[in-house]
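Input: a single structure, listed below in structure tokens.
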Amino acid sequence: MFYTADEKEIKQGKVTDVYFLRTKEILKQKNIKKKVVVEFVVKSFPAGCEWGVFSGLEEMLEILGGLNINAWAIPEGSFFGVCEPVLVIEGNYEDFGVFETALLGLCCQASGIATKATRCKIASSGKPVFSFGARRIHPAIAPMVERSAYLGGCDGISCLRSAEVLNLTPVGTIPHALILIMGDTVSAAEAFNEVIDKSVNRIVLIDTFCDEKFEAINVAQALGENLFAVRLDTPYSRRGDFKKILEEVRWELDLRGFKDVKIIVSGGLDEHKISEFNAYADAYGVGTSISNAPVLDFAMDIVEIDGVPIAKRGKLSGRKILLRCPKCFKRKTVPFEEKEIICSCGVEMENILKPLIENGEVLNDLPHVDTIREYVLKQAEYFKELV
Ligand SMILES: [Zn+2]
């Protein structure tokens, strides 16, 4: 068996911390029914990070859509900051309290992955970043992980099932295994060129047997204009001054007339490494740092009970809205009643906590993942500093 919970069990509220069930039981026995307002906020981001990209809403709606509640959410793919509400739910606590565990799990992980993907994409200054991390996570959640990676700005994903779910074409070429089995890089490259459909870019790994510089020249000469790119997945133990290796490969290819052959880098990359290599690399394959990105620690906090503002220590009570400037994307969290705020750039801010569910009815269709990705990249223009 796989150690996973299925959709039915999640929607039944079985993936919950047992203390929520105890709460439900006590409230029932004591006949206490209270209408509460809760908000989903992050109190602090992983080190070095001052914003997050909200992801996971579509799956959260699988749970929320069946509940007797009202809900408001910021659009999936929105940038947000500390203590800014991304989702607000109003309803009787006993109707949705047990889903806190699953709802948080859905947005904490997805948003962590999307945020990391956006940071990598910003670091690459728009050069392609591909998600190669399916092998670092439980296979059952690969489609979720790669959806968030793509939504966050990755240009492609490598896993077949994830691509099917998202209606994308998976990206990838040939692994080291083929080169090892065929005995040398050039033979493997030639076989790849001969066998695989022409629509697949000819990208060849050049770090299997020999020095990257000589292998790059060898495959470029063998494949000629069919060669799209060389890929360096050079292990860390051999990297030395990796930037220097990249510079050398670029130089030798250019000198021999292979200026159009691109250089793709993979292996242990994150936004910092991407910044470092960006002068010489044309694209990146990123695995672990995106697929296993630190989660964003959302909390689901009660801020109002039966119309009265209340919150635990350290949290701001009362229902709020999240205003954002449509021009420069600056945001401000304000009390629910306060609506007209002018941004420092002179434009009136708008509430981006939009109605999501009214009396248990889901109000709108959610946008396609491609639309969300474009929305993320548009905002990223204004958040080029990685902090
Ligand atoms: Zn503004």
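Letters for chains follow the order of the structure tokens (A, B, ...), residue numbers begin at 1 for each chain, and ligand numbers begin at 1 in the order shown.
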
Would you mind listing what lies within 8 Å of stretch 84-97 of chain A as a compact mmCIF listing (two decimals) with C-alpha atoms, in the first residue's frame, with only C-alpha atoms counted and same-chain residues fewer than 5 positions away left out?
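Okay, out_2.txt is ready:
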# COMPACT_ATOMS: atom_id res chain seq x y z
CA PHE A 20 -10.30 19.39 16.48
CA LYS A 24 -16.35 19.48 18.03
CA LEU A 27 -19.16 22.04 21.66
CA LYS A 33 -22.99 27.15 18.46
CA LYS A 34 -20.91 30.16 17.55
CA LYS A 35 -20.44 31.95 14.28
CA VAL A 36 -16.78 32.70 13.79
CA VAL A 37 -14.62 34.52 11.29
CA VAL A 38 -11.18 33.03 10.67
CA GLU A 39 -8.34 34.29 8.54
CA PHE A 40 -5.37 32.50 7.01
CA VAL A 41 -2.15 34.44 7.61
CA VAL A 42 1.59 33.84 7.65
CA PHE A 54 -0.29 32.25 -2.64
CA LEU A 67 -19.27 23.46 3.41
CA ASN A 68 -21.98 25.77 4.70
CA ILE A 69 -19.80 28.89 4.89
CA ASN A 70 -19.03 32.25 3.33
CA ALA A 71 -15.46 32.74 2.15
CA TRP A 72 -13.26 35.37 0.55
CA ALA A 73 -9.81 34.82 -0.92
CA ILE A 74 -7.09 36.71 -2.73
CA LYS A 320 -9.96 42.73 7.79
CA ILE A 321 -9.56 43.33 4.11
CA LEU A 322 -6.37 43.32 2.06
CA LYS A 332 -2.07 47.26 3.17
CA THR A 333 -4.18 45.29 5.63
CA LEU A 353 -10.01 39.56 -0.87

Report as JSON lines: every residue of chain A with an atom at most 7 Å from ligand 1, its closest pair of atoms, and their distance in Å to one decimal, counting only C-alpha atoms and all ligand atoms, with rows sorted by chain and ascending residue number.
{"residue": "A:Cys325", "atom": "CA", "partner": "ligand 1", "partner_atom_place_in_ligand_line": "1 (Zn)", "distance": 4.6}
{"residue": "A:Pro326", "atom": "CA", "partner": "ligand 1", "partner_atom_place_in_ligand_line": "1 (Zn)", "distance": 6.7}
{"residue": "A:Lys327", "atom": "CA", "partner": "ligand 1", "partner_atom_place_in_ligand_line": "1 (Zn)", "distance": 5.1}
{"residue": "A:Cys328", "atom": "CA", "partner": "ligand 1", "partner_atom_place_in_ligand_line": "1 (Zn)", "distance": 4.1}
{"residue": "A:Phe329", "atom": "CA", "partner": "ligand 1", "partner_atom_place_in_ligand_line": "1 (Zn)", "distance": 6.1}
{"residue": "A:Lys330", "atom": "CA", "partner": "ligand 1", "partner_atom_place_in_ligand_line": "1 (Zn)", "distance": 5.6}
{"residue": "A:Cys343", "atom": "CA", "partner": "ligand 1", "partner_atom_place_in_ligand_line": "1 (Zn)", "distance": 4.6}
{"residue": "A:Ser344", "atom": "CA", "partner": "ligand 1", "partner_atom_place_in_ligand_line": "1 (Zn)", "distance": 5.7}
{"residue": "A:Cys345", "atom": "CA", "partner": "ligand 1", "partner_atom_place_in_ligand_line": "1 (Zn)", "distance": 4.2}
{"residue": "A:Gly346", "atom": "CA", "partner": "ligand 1", "partner_atom_place_in_ligand_line": "1 (Zn)", "distance": 6.4}
{"residue": "A:Val347", "atom": "CA", "partner": "ligand 1", "partner_atom_place_in_ligand_line": "1 (Zn)", "distance": 5.7}

Counting only C-alpha atoms, the option among A:Arg119, A:Ile274, A:Ile217, A:Arg136 closest to A:Trp251 =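 Using only C-alpha atoms, the shortest distance to A:Trp251 belongs to A:Ile217.
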
Using only C-alpha atoms, which of A:Glu225, A:Glu59, A:Glu385, A:Glu146 sits nearest A:Thr288?
->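 Between A:Glu225, A:Glu59, A:Glu385, A:Glu146, the residue approaching A:Thr288 most closely is A:Glu146.
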
Residues within 8 Å of stretch 156-164 of chain A, only C-alpha atoms, excluding chain neighbours under 4 positions, as a list in words = Val129, Phe130, Ser131, Phe132, Ala134, Ala142, Pro143, Met144, Glu146, Arg147, Tyr150, Leu168, Thr169, Pro170, Val171 and Gly172 of chain A

Residues as selected, N, CA and C atoms, written as a short mmCIF file (atom, residue, chain, number, x, y, z; two decimals), in the first residue's frame, can you do that?
data_model
loop_
_atom_site.label_atom_id
_atom_site.label_comp_id
_atom_site.auth_asym_id
_atom_site.auth_seq_id
_atom_site.Cartn_x
_atom_site.Cartn_y
_atom_site.Cartn_z
N VAL A 129 13.40 28.37 -16.45
CA VAL A 129 13.67 27.54 -15.27
C VAL A 129 12.73 26.34 -15.36
N PHE A 130 13.29 25.14 -15.33
CA PHE A 130 12.45 23.94 -15.44
C PHE A 130 12.41 23.20 -14.10
N SER A 131 11.24 22.65 -13.81
CA SER A 131 11.08 21.91 -12.56
C SER A 131 11.41 20.44 -12.78
N PHE A 132 12.46 19.98 -12.10
CA PHE A 132 12.91 18.59 -12.23
C PHE A 132 12.79 17.83 -10.91
N ALA A 134 10.37 16.08 -9.30
CA ALA A 134 9.38 15.03 -8.99
C ALA A 134 10.02 13.88 -8.20
N ALA A 142 3.17 14.51 -6.83
CA ALA A 142 3.96 15.17 -7.89
C ALA A 142 3.13 16.18 -8.69
N PRO A 143 1.89 15.86 -9.08
CA PRO A 143 1.12 16.86 -9.84
C PRO A 143 0.88 18.15 -9.05
N MET A 144 0.64 18.04 -7.76
CA MET A 144 0.43 19.25 -6.95
C MET A 144 1.72 20.06 -6.88
N GLU A 146 4.29 20.07 -8.93
CA GLU A 146 4.69 20.68 -10.20
C GLU A 146 3.69 21.74 -10.67
N ARG A 147 2.44 21.62 -10.25
CA ARG A 147 1.49 22.71 -10.54
C ARG A 147 1.96 23.99 -9.86
N TYR A 150 5.10 25.38 -11.55
CA TYR A 150 4.77 26.01 -12.83
C TYR A 150 4.05 27.33 -12.61
N LEU A 168 0.07 20.12 -20.03
CA LEU A 168 1.32 20.69 -20.54
C LEU A 168 2.11 19.59 -21.24
N THR A 169 3.11 19.99 -22.02
CA THR A 169 4.00 19.00 -22.62
C THR A 169 5.21 18.86 -21.67
N PRO A 170 5.48 17.63 -21.20
CA PRO A 170 6.61 17.49 -20.27
C PRO A 170 7.93 17.79 -20.99
N VAL A 171 8.90 18.32 -20.24
CA VAL A 171 10.19 18.64 -20.85
C VAL A 171 11.25 17.67 -20.33
N GLY A 172 12.20 17.33 -21.19
CA GLY A 172 13.28 16.44 -20.78
C GLY A 172 13.93 15.83 -22.00
#

Quick one: DSSP strand (DSSP E) residues in stretch 95-309 of chain A, as a PyMOL selection string?
-> chain A and resi 129-131+156-157+202-205+227-232+262-266+283-286+298-305+308-309

Test item: residues at most 7 Å from A:Ile264, only C-alpha atoms, excluding those fewer than 5 positions along its chain, as an NGL selection string | :A and (229-232 or 281-284)

With C-alpha atoms retained, could you export that selection as a PDB file, in the first residue's frame?
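New file part-v9.pdb:
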ATOM      1  CA  ALA A 229      21.857  22.859 -25.952  1.00  0.00           C
ATOM      2  CA  VAL A 230      24.414  21.174 -23.786  1.00  0.00           C
ATOM      3  CA  ARG A 231      23.525  20.490 -20.195  1.00  0.00           C
ATOM      4  CA  LEU A 232      25.947  20.504 -17.283  1.00  0.00           C
ATOM      5  CA  ALA A 281      23.842  29.819 -18.349  1.00  0.00           C
ATOM      6  CA  ASP A 282      20.817  30.078 -20.660  1.00  0.00           C
ATOM      7  CA  ALA A 283      18.386  27.907 -18.702  1.00  0.00           C
ATOM      8  CA  TYR A 284      18.135  25.944 -15.462  1.00  0.00           C
TER       9      TYR A 284
END

Name all residues at most 12 Å from A:Gly257 (count only C-alpha atoms; drop same-chain ones fewer than 2 positions away) and give them as number ranges by chain.
-> A: 217, 220-221, 224-225, 250-255, 259-261

Hey, can you spit out that residue selection with C-alpha atoms as a PDB file, in the first residue's frame?
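In the end it all went to result_3.pdb:
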ATOM      1  CA  ILE A 217      32.840  20.416 -28.601  1.00  0.00           C
ATOM      2  CA  ALA A 220      28.401  20.117 -31.139  1.00  0.00           C
ATOM      3  CA  GLN A 221      30.559  18.785 -33.971  1.00  0.00           C
ATOM      4  CA  GLY A 224      25.863  20.336 -35.846  1.00  0.00           C
ATOM      5  CA  GLU A 225      22.888  22.622 -36.102  1.00  0.00           C
ATOM      6  CA  ARG A 250      30.740  29.039 -23.775  1.00  0.00           C
ATOM      7  CA  TRP A 251      34.070  30.292 -25.113  1.00  0.00           C
ATOM      8  CA  GLU A 252      34.992  27.054 -26.856  1.00  0.00           C
ATOM      9  CA  LEU A 253      31.539  26.647 -28.429  1.00  0.00           C
ATOM     10  CA  ASP A 254      31.508  30.258 -29.677  1.00  0.00           C
ATOM     11  CA  LEU A 255      35.001  29.977 -31.079  1.00  0.00           C
ATOM     12  CA  LYS A 259      27.026  30.447 -30.787  1.00  0.00           C
ATOM     13  CA  ASP A 260      23.414  29.247 -30.967  1.00  0.00           C
ATOM     14  CA  VAL A 261      24.044  26.202 -28.784  1.00  0.00           C
TER      15      VAL A 261
END

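Computed from the coordinates, the atom CA of A:Thr185 to atom CA of A:Asn278 distance equals 25.6 Å.
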
Once DSSP has gone over the backbone, tell me which residues of stretch 46-294 of chain A are in helix (DSSP H, G or I), as a ChimeraX atom specification.
-> /A:57-64,93-123,133-136,139-151,160-166,176-182,185-195,212-226,236-239,242-255,271-277,288-291

So which residues touch A:Glu381 within 10 Å, counting only C-alpha atoms, skipping near sequence neighbours fewer than 5 positions away, as a compact mmCIF listing (two decimals) with C-alpha atoms, in the first residue's frame?
# COMPACT_ATOMS: atom_id res chain seq x y z
CA ILE A 122 13.41 36.29 -10.69
CA SER A 125 16.16 37.38 -15.08
CA CYS A 328 2.54 49.29 -8.05
CA VAL A 376 2.67 35.85 -10.96
